[in-house]
Amino acid sequence: MEPVIHVSSDLLSRMSSSLNERGRRRKTFRIRPLITRRPISELINRRRKSMGQLEGEFGDGAAKLVFKRFLRPTPSHPNGREIEGMFEVFEVTRDIAFVVSSLSGATDEHGPQRFCSTAYPLATRPFISSKLLLDFIRRIADRNDWDAMSLDTQGYDRSTHRFRRDTKQQPVLDAFREMAEQGRKVHRMQVAFVDSDNVVRLRAAFDRYAQLNVMFGNFETCVHHFTMPSIQDASTQLASYNLKEAKRPIDQELLRFTFEGNPFVTYDEMRAVCDAIRRAPGMNLSIIHLNPYMQAQIVDFFTGAVLDMVILNENTITLSPQRTSGQSAMDRVATSIFRFYGEAVTDRTSVLEQERGDRG
């Protein structure tokens with residue numbers, strides 16, 4: 001997939017200048033993309049309270065934001081502690097922004113990471129399948145005639161709700177296969193790209209939220225061939241979930257997830273899907289019925305949307321909003337299922353088409 005959305009050379013130059021100011025050679029450069037639904041200035045103003053103290057204004061396509069937060073006491077810091085730092089927000093297009101920093105540890109967690117994780121519903125983070133993650137990494141290697149070696153792979157297990165890390169240095173395809181054999185989906189991978197002389201030309205980490213961490217090498221290569229294609233996949237036609245906004249009640253959609261095999265033979269697997277949805281921020285689920293089929297109701301507290309979910313056979317989940325405004329919550333439910341349970345083939349059917357089919 002070649003990127004249709006392009007990053008201007010001027011923006012890349014400004015980001016590069018920012019890198020040089022921070023002593024690029026000694027730090028990891030992080031890019032977290034956001035798909036924005038409201039102006040960036042509004043997003044910044046709305047996040048000031050949740051960030052503790054946030055200073056800086058958006059202007060000329062960018063903002064330098066200085067934050068300060070006081071963290072509660074912990075066993076390692078019985079009197080609490082204050083952290084502060086700076087990160088930047090760049091406007092790529094009217095609908096896309098980059099949150100850029102070189103912070104690490106708790107400073108990164110309570111600064112740019114918190115800014116992005118609390119951006120919904122004004123902005124959302126793109127999310128891609130583990131297969132696309134592999135495809136984009138291999139594409140970077142193929143375009144430059146490099147070998148892609150996994151240095152640190154994290155795979156998510158839906159049964160234990162835990163990540164497994166594999167720090168064995170091996171080809172990226174071998175790392176993906178090992179995770180698949182254990183029933184895990186690769187969520188994040190740190191990769192060294194090596195040329196024919198066995199010289200490392202680029203070292204970077206990629207994850208399914210399209211986050212990019214560059215430790216060494218040209219970050220522009222990763223932006224063009226990982227970040228932007230990931231955003232395109234997540235935002236253009238919502239390809240991962242096959243969703244579209246319903247303009248009238250008559251056009252509301254049912255979203256179906258069809259999984260390989262027959263995972264829903266047991267009630268434990270049905271409950272595992274419910275637990276996966278509950279892990280999404282601001283999302284709750286109540287099971288209404290669980291014998292012999294499952295019926296549940298999902299509430300998105302961020303938007304007030306209510307969704308109905310049913311499992312009527314051994315491999316299919318059906319999701320439908322109770323009103324048109326619920327459409328915006330469906331992609332978050334889909335992301336949580338893909339993230340914390342497993343990937344599936346999805347298709348959509350309008351409520352009207354479903355009713356016609358039921359009547360024969």
# chains A, B, ... in the order shown; residues from 1 in each chain; ligands from 1
$ select_by_dssp --residues "range 109-243 of chain A" --states "alpha helix (DSSP H)" --output "ChimeraX atom specification"
/A:114-117,130-144,172-181,219-222,228-235
$ write_last_selection --atoms "C-alpha atoms" --output "compact mmCIF listing (two decimals), in the first residue's frame"
# COMPACT_ATOMS: atom_id res chain seq x y z
CA ARG A 114 -1.35 10.57 28.45
CA PHE A 115 -2.17 13.38 26.00
CA CYS A 116 -2.84 10.80 23.26
CA SER A 117 -4.68 8.25 25.39
CA SER A 130 -0.65 -7.44 13.22
CA LYS A 131 -0.46 -8.66 9.61
CA LEU A 132 -0.18 -5.09 8.33
CA LEU A 133 2.45 -4.37 10.98
CA LEU A 134 4.54 -7.19 9.52
CA ASP A 135 3.86 -6.09 5.92
CA PHE A 136 4.99 -2.50 6.54
CA ILE A 137 8.19 -3.59 8.32
CA ARG A 138 9.08 -5.98 5.50
CA ARG A 139 8.28 -3.32 2.92
CA ILE A 140 10.80 -0.92 4.46
CA ALA A 141 13.42 -3.66 4.29
CA ASP A 142 12.59 -4.65 0.71
CA ARG A 143 12.62 -1.07 -0.61
CA ASN A 144 16.14 -0.54 0.72
CA VAL A 172 11.04 -10.61 11.81
CA LEU A 173 9.05 -13.34 10.04
CA ASP A 174 10.41 -15.98 12.43
CA ALA A 175 9.44 -13.82 15.43
CA PHE A 176 5.87 -13.46 14.09
CA ARG A 177 5.63 -17.21 13.51
CA GLU A 178 6.78 -18.02 17.03
CA MET A 179 4.17 -15.68 18.50
CA ALA A 180 1.47 -17.20 16.28
CA GLU A 181 2.38 -20.71 17.49
CA PHE A 219 13.17 8.70 10.64
CA GLU A 220 11.70 10.00 7.36
CA THR A 221 11.87 6.51 5.84
CA CYS A 222 9.68 5.17 8.65
CA MET A 228 1.43 7.27 6.86
CA PRO A 229 0.29 3.93 5.33
CA SER A 230 -0.91 2.89 8.81
CA ILE A 231 -2.95 6.08 9.14
CA GLN A 232 -4.33 5.58 5.65
CA ASP A 233 -5.45 2.06 6.47
CA ALA A 234 -7.10 3.17 9.70
CA SER A 235 -8.80 6.29 8.34
$ select_by_dssp --residues "range 70-217 of chain A" --states "strand (DSSP E)" --output "number ranges by chain"
A: 70-71, 81-93, 96-101, 123-124, 147-157, 162-166, 170-171, 185-194, 200-207, 212-216
$ residues_around --residues "range 282-284 of chain A" --least-positions-apart "3" --cutoff "8 Å" --atoms "only C-alpha atoms" --output "ChimeraX atom specification"
/A:277-279,298-302
$ write_last_selection --atoms "C-alpha atoms" --output "PDB file, in the first residue's frame"
ATOM      1  CA  ILE A 277     -14.286  -4.921  25.283  1.00  0.00           C
ATOM      2  CA  ARG A 278     -14.276  -3.809  28.913  1.00  0.00           C
ATOM      3  CA  ARG A 279     -10.553  -3.034  28.629  1.00  0.00           C
ATOM      4  CA  ILE A 298     -22.235  -2.103  25.607  1.00  0.00           C
ATOM      5  CA  VAL A 299     -22.160   1.475  26.891  1.00  0.00           C
ATOM      6  CA  ASP A 300     -19.610   4.030  25.719  1.00  0.00           C
ATOM      7  CA  PHE A 301     -19.477   6.586  28.529  1.00  0.00           C
ATOM      8  CA  PHE A 302     -17.464   9.027  26.374  1.00  0.00           C
TER       9      PHE A 302
END
$ atom_distance --atom1 "CA of Gly59 in chain A" --atom2 "CA of Pro33 in chain A"
18.4 Å
$ atom_distance --atom1 "CA of His225 in chain A" --atom2 "CA of Gly155 in chain A"
22.4 Å
